[in-house]
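Reproduced below: work-v7.cif, with mmCIF, C-alpha atoms.
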```cif
data_structure
#
loop_
_atom_site.label_atom_id
_atom_site.label_comp_id
_atom_site.auth_asym_id
_atom_site.auth_seq_id
_atom_site.Cartn_x
_atom_site.Cartn_y
_atom_site.Cartn_z
CA MET A 287 -3.40 -9.55 32.12
CA THR A 288 -3.06 -6.46 34.28
CA TRP A 289 -3.81 -2.92 33.18
CA ASP A 290 -1.53 -0.34 34.76
CA GLY A 291 -0.05 3.03 33.93
CA CYS A 292 -1.56 4.22 30.65
CA TYR A 293 -4.05 1.37 30.72
CA SER A 294 -5.61 1.90 34.12
CA PHE A 295 -9.21 2.99 34.43
CA GLU A 296 -8.08 6.15 36.13
CA GLY A 297 -5.82 7.28 33.30
CA SER A 298 -5.11 6.56 29.68
CA GLN A 299 -5.82 7.64 26.11
CA THR A 300 -9.01 9.38 25.17
CA THR A 301 -10.82 10.60 22.07
CA ILE A 302 -11.00 12.82 18.96
CA GLY A 303 -7.41 14.03 19.01
CA GLU A 304 -6.14 11.86 21.87
CA MET A 305 -7.97 8.69 20.83
CA LEU A 306 -5.59 8.46 17.91
CA GLY A 307 -2.51 8.53 20.18
CA SER A 308 -0.49 5.37 20.51
CA ASN A 309 -0.09 3.66 23.88
CA ILE A 310 3.29 3.95 25.56
CA SER A 311 5.45 0.94 24.98
CA LYS A 312 5.90 -1.63 27.69
CA SER A 313 9.56 -0.80 28.15
CA LEU A 314 8.79 2.86 28.83
CA ARG A 315 6.21 1.95 31.45
CA GLU A 316 8.56 -0.48 33.18
CA ASP A 317 11.50 1.93 33.20
CA LYS A 318 9.58 4.79 34.79
CA PRO A 319 8.65 4.55 38.45
CA THR A 320 6.06 7.34 38.15
CA LYS A 321 3.89 5.69 35.54
CA ASN A 322 1.06 8.13 35.26
CA SER A 323 3.25 11.20 35.05
CA SER A 324 5.64 9.73 32.50
CA CYS A 325 2.79 8.35 30.44
CA GLY A 326 1.03 11.68 30.38
CA SER A 327 4.14 13.67 29.52
CA VAL A 328 5.00 11.43 26.58
CA SER A 329 1.49 10.80 25.22
CA VAL A 330 0.13 14.34 25.38
CA GLY A 331 2.00 15.11 22.16
CA PHE A 332 -0.30 12.78 20.21
CA PRO A 333 -3.62 14.52 20.88
CA ILE A 334 -1.98 17.89 20.30
CA THR A 335 -0.53 16.68 16.99
CA MET A 336 -3.84 15.21 15.88
CA MET A 337 -5.69 18.39 16.85
CA ILE A 338 -3.27 20.60 14.90
CA THR A 339 -3.34 18.29 11.89
CA GLY A 340 -7.14 18.22 11.80
CA MET A 341 -7.46 21.96 12.31
CA VAL A 342 -4.98 22.74 9.52
CA GLY A 343 -6.65 20.37 7.04
CA ASN A 344 -10.20 21.52 7.74
CA SER A 345 -9.17 25.19 7.81
CA LEU A 346 -7.48 24.86 4.40
CA ALA A 347 -10.58 23.15 3.06
CA LEU A 348 -12.81 25.96 4.35
CA ILE A 349 -10.57 28.61 2.78
CA LEU A 350 -10.61 26.85 -0.61
CA VAL A 351 -14.38 26.40 -0.41
CA CYS A 352 -14.94 30.09 0.38
CA ILE A 353 -12.71 31.20 -2.51
CA SER A 354 -14.35 28.79 -4.96
CA TYR A 355 -17.87 29.62 -3.76
CA ARG A 356 -17.38 33.31 -4.51
CA LYS A 357 -16.08 32.58 -8.01
CA LYS A 358 -18.64 29.96 -9.04
CA GLU A 359 -21.79 31.11 -10.77
CA ASN A 360 -23.04 27.57 -11.44
CA LYS A 361 -25.69 26.70 -8.85
CA ARG A 362 -24.84 22.99 -9.05
CA LYS A 363 -21.24 23.64 -8.08
CA LYS A 364 -22.32 26.02 -5.34
CA SER A 365 -24.52 23.33 -3.79
CA PHE A 366 -21.66 20.86 -3.72
CA LEU A 367 -19.29 23.46 -2.26
CA LEU A 368 -21.83 24.15 0.50
CA CYS A 369 -21.87 20.45 1.39
CA ILE A 370 -18.08 20.20 1.50
CA GLY A 371 -17.79 23.40 3.53
CA SER A 372 -20.41 22.14 5.99
CA LEU A 373 -18.51 18.87 6.44
CA ALA A 374 -15.21 20.70 7.02
CA LEU A 375 -16.90 23.07 9.49
CA THR A 376 -18.49 20.14 11.34
CA ASP A 377 -15.17 18.31 11.65
CA LEU A 378 -13.37 21.49 12.72
CA PHE A 379 -15.87 22.27 15.48
CA GLY A 380 -15.76 18.65 16.61
CA GLN A 381 -12.04 18.98 17.20
CA LEU A 382 -12.20 22.45 18.75
CA LEU A 383 -14.83 21.40 21.31
CA THR A 384 -13.32 18.05 22.35
CA SER A 385 -9.53 18.28 22.00
CA PRO A 386 -9.12 20.93 24.74
CA ILE A 387 -10.95 18.61 27.16
CA VAL A 388 -8.58 15.80 26.25
CA ILE A 389 -5.55 17.99 26.86
CA SER A 390 -7.03 19.14 30.18
CA VAL A 391 -7.34 15.51 31.27
CA TYR A 392 -3.65 15.05 30.59
CA ARG A 393 -2.78 18.18 32.53
CA ALA A 394 -4.81 16.77 35.43
CA ASN A 395 -2.56 13.69 35.48
CA LEU A 396 -5.13 11.68 33.50
CA LYS A 397 -7.82 11.95 36.20
CA TRP A 398 -11.19 12.92 34.77
CA ASP A 399 -12.83 13.46 38.18
CA SER A 400 -10.47 16.29 39.02
CA ILE A 401 -11.77 18.39 36.13
CA ASP A 402 -15.38 17.14 36.10
CA SER A 403 -16.66 16.34 39.56
CA SER A 404 -20.29 17.07 38.58
CA GLY A 405 -20.34 14.88 35.44
CA ASN A 406 -21.67 17.69 33.24
CA LEU A 407 -18.49 17.80 31.17
CA CYS A 408 -18.85 14.08 30.43
CA ALA A 409 -22.39 14.68 29.13
CA PHE A 410 -21.14 17.58 26.99
CA PHE A 411 -18.35 15.40 25.62
CA GLY A 412 -20.83 12.65 24.75
CA VAL A 413 -23.17 15.09 23.00
CA CYS A 414 -20.25 16.40 20.92
CA MET A 415 -19.12 12.91 19.99
CA THR A 416 -22.60 11.85 18.91
CA THR A 417 -23.48 15.09 17.12
CA PHE A 418 -20.30 15.54 15.11
CA GLY A 419 -19.99 11.82 14.40
CA LEU A 420 -23.49 11.41 12.97
CA CYS A 421 -23.38 14.79 11.22
CA ALA A 422 -20.23 13.76 9.33
CA LEU A 423 -21.87 10.51 8.24
CA PHE A 424 -25.14 12.17 7.20
CA LEU A 425 -23.34 14.94 5.31
CA SER A 426 -21.33 12.31 3.43
CA SER A 427 -24.58 10.57 2.53
CA ALA A 428 -26.14 13.85 1.40
CA MET A 429 -23.19 14.55 -0.89
CA ALA A 430 -23.33 11.00 -2.28
CA ILE A 431 -27.05 11.40 -3.06
CA GLU A 432 -26.40 14.80 -4.64
CA ARG A 433 -23.68 13.38 -6.89
CA ALA A 434 -25.80 10.39 -7.91
CA MET A 435 -28.72 12.64 -8.90
CA ALA A 436 -26.44 15.00 -10.83
CA VAL A 437 -24.91 12.17 -12.87
CA THR A 438 -27.90 9.89 -13.42
CA ASN A 439 -30.56 12.57 -13.98
CA PRO A 440 -28.83 15.85 -14.82
CA HIS A 441 -31.87 17.59 -16.33
CA TRP A 442 -34.08 17.04 -13.30
CA TYR A 443 -31.19 17.96 -11.01
CA SER A 444 -30.44 21.25 -12.76
CA SER A 445 -34.08 22.33 -12.68
CA HIS A 446 -34.99 21.26 -9.14
CA MET A 447 -31.77 21.37 -7.10
CA LYS A 448 -31.41 24.92 -5.85
CA THR A 449 -28.92 26.40 -3.42
CA SER A 450 -31.74 27.15 -1.01
CA VAL A 451 -32.70 23.45 -0.97
CA THR A 452 -29.12 22.55 -0.07
CA LYS A 453 -29.06 25.05 2.79
CA VAL A 454 -32.37 23.76 4.20
CA THR A 455 -31.15 20.15 3.95
CA LEU A 456 -27.90 20.94 5.77
CA ALA A 457 -29.72 22.83 8.53
CA ALA A 458 -32.19 19.94 8.91
CA ILE A 459 -29.33 17.43 9.28
CA TRP A 460 -27.66 19.48 12.00
CA CYS A 461 -30.91 20.06 13.92
CA ILE A 462 -32.11 16.45 13.75
CA VAL A 463 -28.75 15.04 14.85
CA LEU A 464 -28.43 17.56 17.68
CA ILE A 465 -31.91 16.71 18.96
CA PHE A 466 -31.04 13.02 18.86
CA ALA A 467 -27.74 13.62 20.68
CA LEU A 468 -29.57 15.52 23.46
CA LEU A 469 -31.89 12.58 24.25
CA PRO A 470 -29.67 11.33 27.14
CA ILE A 471 -29.87 14.81 28.68
CA ALA A 472 -33.66 14.38 28.60
CA GLY A 473 -33.42 10.96 30.25
CA VAL A 474 -33.44 8.66 27.21
CA GLY A 475 -30.10 6.86 27.17
CA LYS A 476 -26.90 7.71 28.99
CA TYR A 477 -23.41 9.06 28.34
CA THR A 478 -20.75 7.42 30.52
CA ARG A 479 -17.01 7.48 30.91
CA GLN A 480 -15.55 4.82 28.67
CA TRP A 481 -12.52 2.62 29.19
CA PRO A 482 -9.79 3.53 30.01
CA GLY A 483 -11.68 6.28 31.81
CA THR A 484 -10.65 9.42 29.94
CA TRP A 485 -13.41 9.91 27.38
CA CYS A 486 -17.21 9.81 27.33
CA PHE A 487 -19.60 8.23 24.87
CA ILE A 488 -22.87 6.29 24.63
CA SER A 489 -23.27 3.58 27.24
CA THR A 490 -23.68 0.22 25.51
CA GLY A 491 -24.68 -2.22 28.24
CA ASP A 492 -26.65 -0.44 30.96
CA ARG A 493 -30.09 -1.91 30.34
CA GLU A 494 -31.45 -0.50 33.59
CA VAL A 495 -31.14 3.04 32.22
CA PRO A 496 -34.45 4.08 30.55
CA GLY A 497 -34.17 4.05 26.77
CA ASN A 498 -30.46 3.26 26.78
CA VAL A 499 -30.73 0.20 24.54
CA PHE A 500 -32.95 2.13 22.12
CA PHE A 501 -30.54 5.07 22.02
CA SER A 502 -27.36 3.05 21.52
CA ILE A 503 -28.88 0.72 18.92
CA THR A 504 -30.38 3.68 17.04
CA PHE A 505 -26.98 5.36 16.86
CA ALA A 506 -25.35 2.22 15.44
CA VAL A 507 -28.18 1.53 12.99
CA LEU A 508 -28.25 5.14 11.76
CA GLY A 509 -24.49 5.00 11.22
CA ILE A 510 -24.64 1.73 9.28
CA PHE A 511 -27.61 2.96 7.25
CA SER A 512 -25.70 6.12 6.37
CA LEU A 513 -22.67 4.11 5.26
CA LEU A 514 -24.85 1.89 3.06
CA ILE A 515 -26.47 4.92 1.42
CA THR A 516 -23.09 6.55 0.78
CA VAL A 517 -21.54 3.43 -0.73
CA SER A 518 -24.63 2.61 -2.83
CA CYS A 519 -24.93 6.14 -4.24
CA ASN A 520 -21.21 6.31 -5.00
CA VAL A 521 -21.42 2.98 -6.86
CA VAL A 522 -24.37 4.33 -8.87
CA THR A 523 -22.37 7.50 -9.62
CA ILE A 524 -19.32 5.53 -10.77
CA ARG A 525 -21.49 3.38 -13.03
CA GLY A 526 -23.18 6.46 -14.51
CA LEU A 527 -19.83 8.15 -15.14
CA ILE A 528 -18.44 5.10 -16.91
CA ILE A 529 -21.52 4.83 -19.13
CA ARG A 530 -21.39 8.52 -20.06
CA CYS A 531 -17.64 8.29 -20.65
CA LYS A 532 -18.17 5.45 -23.14
CA THR A 533 -20.79 7.42 -25.04
CA LYS A 534 -18.47 10.45 -25.25
CA SER A 535 -15.34 8.49 -26.20
CA GLY A 536 -13.38 9.89 -29.14
CA THR A 537 -10.23 11.71 -30.13
CA SER A 538 -11.50 15.26 -29.65
CA GLN A 539 -10.17 17.53 -26.93
CA SER A 540 -13.50 17.57 -25.09
CA SER A 541 -13.62 13.76 -25.02
CA LYS A 542 -10.15 13.55 -23.55
CA GLN A 543 -11.04 16.16 -20.92
CA TRP A 544 -14.19 14.24 -20.01
CA GLU A 545 -12.17 11.02 -19.64
CA ARG A 546 -9.69 12.78 -17.36
CA LEU A 547 -12.43 14.24 -15.16
CA THR A 548 -14.17 10.86 -15.02
CA THR A 549 -10.97 9.14 -13.90
CA GLU A 550 -10.36 11.78 -11.23
CA THR A 551 -13.90 11.51 -9.89
CA ILE A 552 -13.91 7.70 -9.81
CA VAL A 553 -10.60 7.59 -7.93
CA GLN A 554 -11.90 10.18 -5.48
CA LEU A 555 -15.16 8.29 -4.86
CA LEU A 556 -13.28 5.05 -4.27
CA GLY A 557 -11.06 6.86 -1.76
CA ILE A 558 -14.10 8.31 0.03
CA MET A 559 -15.73 4.89 0.34
CA CYS A 560 -12.54 3.25 1.63
CA VAL A 561 -11.97 5.97 4.24
CA LEU A 562 -15.56 5.87 5.50
CA LEU A 563 -15.72 2.08 5.71
CA ILE A 564 -12.33 1.73 7.41
CA CYS A 565 -12.96 4.55 9.88
CA TRP A 566 -16.58 3.87 10.85
CA SER A 567 -17.42 0.20 10.28
CA PRO A 568 -15.37 -1.13 13.24
CA LEU A 569 -17.01 1.24 15.75
CA LEU A 570 -20.58 0.56 14.59
CA VAL A 571 -20.07 -3.20 14.50
CA VAL A 572 -18.39 -3.39 17.91
CA MET A 573 -21.14 -1.22 19.39
CA LEU A 574 -23.78 -3.69 18.23
CA ARG A 575 -21.67 -6.55 19.58
CA MET A 576 -21.28 -4.89 23.00
CA ILE A 577 -24.99 -4.08 23.12
CA THR A 578 -25.83 -7.70 22.31
CA ASN A 579 -23.39 -9.00 24.94
CA GLN A 580 -24.55 -6.35 27.44
CA VAL A 581 -21.00 -5.11 27.94
CA SER A 582 -20.92 -1.62 29.45
CA SER A 583 -18.09 0.79 30.14
CA HIS A 584 -17.72 0.01 33.86
CA GLU A 585 -16.99 -3.64 32.97
CA CYS A 586 -13.84 -2.55 31.17
CA ASN A 587 -11.86 -1.56 34.27
CA SER A 588 -9.06 -3.77 35.49
CA THR A 589 -11.08 -5.65 38.12
CA ALA A 590 -13.97 -6.51 35.84
CA VAL A 591 -11.72 -7.50 32.95
CA ALA A 592 -9.68 -9.78 35.19
CA SER A 593 -12.78 -11.53 36.53
CA SER A 594 -14.95 -11.64 33.40
CA GLY A 595 -12.65 -13.26 30.89
CA ARG A 596 -10.94 -12.57 27.60
CA ASP A 597 -14.05 -11.66 25.54
CA ILE A 598 -14.76 -8.47 27.49
CA GLN A 599 -11.09 -7.58 27.38
CA LEU A 600 -11.08 -7.91 23.59
CA ASP A 601 -14.28 -5.86 23.31
CA CYS A 602 -12.77 -3.09 25.43
CA ASN A 603 -9.54 -3.02 23.43
CA PHE A 604 -11.32 -3.12 20.09
CA PHE A 605 -13.82 -0.45 21.17
CA LEU A 606 -10.97 1.92 22.01
CA THR A 607 -9.27 1.21 18.68
CA ALA A 608 -12.55 1.62 16.80
CA ILE A 609 -13.29 5.03 18.32
CA ARG A 610 -9.78 6.16 17.43
CA LEU A 611 -10.40 5.14 13.81
CA ALA A 612 -13.70 7.03 13.79
CA SER A 613 -11.99 10.15 15.09
CA LEU A 614 -9.37 9.78 12.34
CA ASN A 615 -12.17 10.41 9.84
CA GLN A 616 -12.33 14.06 10.97
CA ILE A 617 -8.73 14.52 9.85
CA LEU A 618 -9.04 12.63 6.56
CA ASP A 619 -12.34 14.15 5.38
CA PRO A 620 -10.94 17.44 3.97
CA TRP A 621 -8.19 15.55 2.17
CA VAL A 622 -10.30 12.92 0.44
CA TYR A 623 -13.06 15.36 -0.48
CA LEU A 624 -11.04 18.38 -1.58
CA LEU A 625 -7.35 18.78 -0.82
CA LEU A 626 -6.01 15.56 -2.37
CA ARG A 627 -7.97 16.22 -5.54
CA GLU A 628 -6.29 19.61 -5.87
CA ILE A 629 -2.80 18.37 -4.97
CA LEU A 630 -2.27 14.72 -5.87
CA LEU A 631 -5.23 13.36 -7.79
CA ARG A 632 -4.46 15.17 -11.06
CA LYS A 633 -0.86 13.94 -10.96
CA PHE A 634 -2.08 10.40 -10.34
CA CYS A 635 -4.43 10.62 -13.32
CA ILE A 636 -1.68 12.03 -15.55
CA VAL A 637 0.54 9.06 -14.70
CA ALA A 638 -2.35 6.63 -15.21
CA ASN A 639 -3.17 8.18 -18.60
CA ALA A 640 0.50 8.07 -19.60
CA VAL A 641 0.69 4.37 -18.75
CA THR A 642 -2.53 3.74 -20.67
CA ASN A 643 -1.31 5.68 -23.70
CA CYS A 644 1.99 3.79 -23.65
CA SER A 645 0.08 0.53 -23.57
CA ILE A 646 -2.12 1.64 -26.48
CA GLU A 647 0.90 2.76 -28.51
CA GLU A 648 2.61 -0.56 -27.80
CA GLN A 649 -0.44 -2.43 -29.01
CA LYS A 650 -0.54 -0.31 -32.18
CA GLN A 651 3.14 -0.98 -32.87
CA THR A 652 2.64 -4.70 -32.31
CA GLN A 653 -0.31 -4.73 -34.70
CA THR A 654 1.68 -2.75 -37.32
CA THR A 655 4.54 -5.26 -37.07
CA ARG A 656 2.13 -8.17 -37.49
CA ASP A 657 0.55 -6.56 -40.56
CA ALA A 658 3.98 -5.99 -42.12
CA LEU A 659 4.99 -9.62 -41.49
CA ASN A 660 1.74 -10.90 -42.96
CA LYS A 661 2.21 -8.75 -46.04
CA LEU A 662 5.80 -9.97 -46.43
CA ASN A 663 4.67 -13.58 -46.15
CA GLN A 664 2.02 -13.01 -48.82
CA GLU A 665 4.63 -11.51 -51.18
CA ASN A 666 7.00 -14.44 -50.59
CA ASN A 667 4.23 -16.89 -51.31
CA SER A 668 3.47 -15.07 -54.56
CA LEU A 669 7.13 -15.27 -55.63
CA HIS A 670 7.38 -18.98 -54.90
CA ASN A 671 4.06 -19.78 -56.59
CA PRO A 672 3.96 -17.65 -59.79
CA GLU A 673 1.45 -19.98 -61.42
CA ASN A 674 -1.19 -18.87 -58.93
CA SER A 675 -0.92 -15.22 -60.05
#
```
Mind turning this structure into structure tokens?
Amino acid sequence: MTWDGCYSFEGSQTTIGEMLGSNISKSLREDKPTKNSSCGSVSVGFPITMMITGMVGNSLALILVCISYRKKENKRKKSFLLCIGSLALTDLFGQLLTSPIVISVYRANLKWDSIDSSGNLCAFFGVCMTTFGLCALFLSSAMAIERAMAVTNPHWYSSHMKTSVTKVTLAAIWCIVLIFALLPIAGVGKYTRQWPGTWCFISTGDREVPGNVFFSITFAVLGIFSLLITVSCNVVTIRGLIIRCKTKSGTSQSSKQWERLTTETIVQLLGIMCVLLICWSPLLVVMLRMITNQVSSHECNSTAVASSGRDIQLDCNFFLTAIRLASLNQILDPWVYLLLREILLRKFCIVANAVTNCSIEEQKQTQTTRDALNKLNQENNSLHNPENS
């Protein structure tokens, strides 16, 4: 299989905003004699659209967080708002620092070398990818831990969890991840241009580079570990909410409000887990696979793919798809954590409660009908058997 036009090593899709763009269809590539120019002119709309979408979502989330933070006097709610605001800010900066590079590559006719002859921009791009990717995962884990502690041990949480602790934790996450991302600049690991040659990330197969295997494996392991923590803590939170909801069940107004809030939170947590697993699991798994198979970025160009077989070709294709999914997480984060809860989640819960209430009423009517029939049968039996009275 040949890789031309949008698929050549010299020009194709890239990351963050652009990584989400679809490849040009085969018919478009065949109909246009100037493949690179037509590909660029059509595809550049995708990274721009993704950048605008992500910026709007994260900006709205930041505005809502700022408004809510000023109104809230509860320290617990302020801590959670700080975490959500930090995640939205991280995703927003990730898009602002990488999307313009992607658009510049398109304007340069999809040739990275024309805008980065020294290679420094590639290193910067890789640092941004690593920093904002791991920060998003770690912040999600921090929020999952915070929720689990608040639900399972509310007394300890209210007395020990201060806003200052949250701020220190967030600053520590950013600093630790940034230091880790700068290791290739210090000579441990390497950032390289990835297939199809228009974005930069961690090299996965260059074992001759000092510390490269350690750096790439550490990134994948940290990502998987963060996902496991997030999912585990969310499961613990859901279990705690269900237990507390059962103990508070009743017909009072407060019980109904607690049930509604529990339903909203459980649906939101399930959505968060699904988004994280779908967006990040493919990238982390394929990274480990490529490290194990010693597949590096330079083996994904057309010559190497043609000579090395179908396995490398599949790894290259899947790696590109996986990084696009990971970049999609930056766009979905503000929606699953904040915006959807404000817009759609309450309506969903109202419909769910209505369906549940209808089902309960139907069961009550069925039971009432059965009781009436049983009573009627008893009266008939008494009329037919007067001697038993």
Output check: residues returned by the PyMOL selection byres ((chain A and resi 496) around 10), as a list in words: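 That selection, the PyMOL selection byres ((chain A and resi 496) around 10), comes back as Pro470, Gly473, Val474, Gly475, Lys476, Asp492, Arg493, Glu494, Val495, Gly497, Asn498, Val499, Phe500 and Phe501 of chain A.
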Could you please take those selected residues and save C-alpha atoms as a PDB file, in the frame of the given file?
```
ATOM      1  CA  PRO A 470     -29.670  11.330  27.140  1.00  0.00           C
ATOM      2  CA  GLY A 473     -33.420  10.960  30.250  1.00  0.00           C
ATOM      3  CA  VAL A 474     -33.440   8.660  27.210  1.00  0.00           C
ATOM      4  CA  GLY A 475     -30.100   6.860  27.170  1.00  0.00           C
ATOM      5  CA  LYS A 476     -26.900   7.710  28.990  1.00  0.00           C
ATOM      6  CA  ASP A 492     -26.650  -0.440  30.960  1.00  0.00           C
ATOM      7  CA  ARG A 493     -30.090  -1.910  30.340  1.00  0.00           C
ATOM      8  CA  GLU A 494     -31.450  -0.500  33.590  1.00  0.00           C
ATOM      9  CA  VAL A 495     -31.140   3.040  32.220  1.00  0.00           C
ATOM     10  CA  GLY A 497     -34.170   4.050  26.770  1.00  0.00           C
ATOM     11  CA  ASN A 498     -30.460   3.260  26.780  1.00  0.00           C
ATOM     12  CA  VAL A 499     -30.730   0.200  24.540  1.00  0.00           C
ATOM     13  CA  PHE A 500     -32.950   2.130  22.120  1.00  0.00           C
ATOM     14  CA  PHE A 501     -30.540   5.070  22.020  1.00  0.00           C
TER      15      PHE A 501
END
```
Result set, the PyMOL selection byres ((chain A and resi 487) around 7) on current file, as a list of chain:residue names: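 Applied to this file, the PyMOL selection byres ((chain A and resi 487) around 7) returns A:Gly412, A:Met415, A:Tyr477, A:Thr478, A:Arg479, A:Gln480, A:Trp485, A:Cys486, A:Ile488, A:Ser489.
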Shell around region 407-411 of chain A at 12 Å using all atoms listed in the file, local window under 2 positions removed, as number ranges by chain: A: 300-302, 380-388, 390-391, 398-405, 413-419, 464, 467-473, 475-480, 483-489
Which residue of A:Leu396, A:Ala347, A:Leu606, A:Leu378 approaches Trp481 (chain A) most closely, using only C-alpha atoms: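 Among the listed residues, the smallest separation from Trp481 (chain A) belongs to A:Leu606.
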Between CA of Ser582 (chain A) and CA of Thr504 (chain A), distance in Å (one decimal): 16.5 Å
Spatial neighbours of region 512-526 of chain A, max dist 6 Å, all atoms listed in the file, sep filter under 5 positions, as number ranges by chain: A: 427, 430-431, 434, 438, 552
Let me see the file: selected residues, C-alpha atoms, as a PDB file, in the coordinates of the input.
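Saved file result_25.pdb follows:
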```pdb
ATOM      1  CA  SER A 427     -24.580  10.570   2.530  1.00  0.00           C
ATOM      2  CA  ALA A 430     -23.330  11.000  -2.280  1.00  0.00           C
ATOM      3  CA  ILE A 431     -27.050  11.400  -3.060  1.00  0.00           C
ATOM      4  CA  ALA A 434     -25.800  10.390  -7.910  1.00  0.00           C
ATOM      5  CA  THR A 438     -27.900   9.890 -13.420  1.00  0.00           C
ATOM      6  CA  ILE A 552     -13.910   7.700  -9.810  1.00  0.00           C
TER       7      ILE A 552
END
```
Straight-line distance linking CA of Ile558 (chain A) with CA of Leu423 (chain A), stated in Å to one decimal: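 Distance between the two atoms: 11.5 Å.
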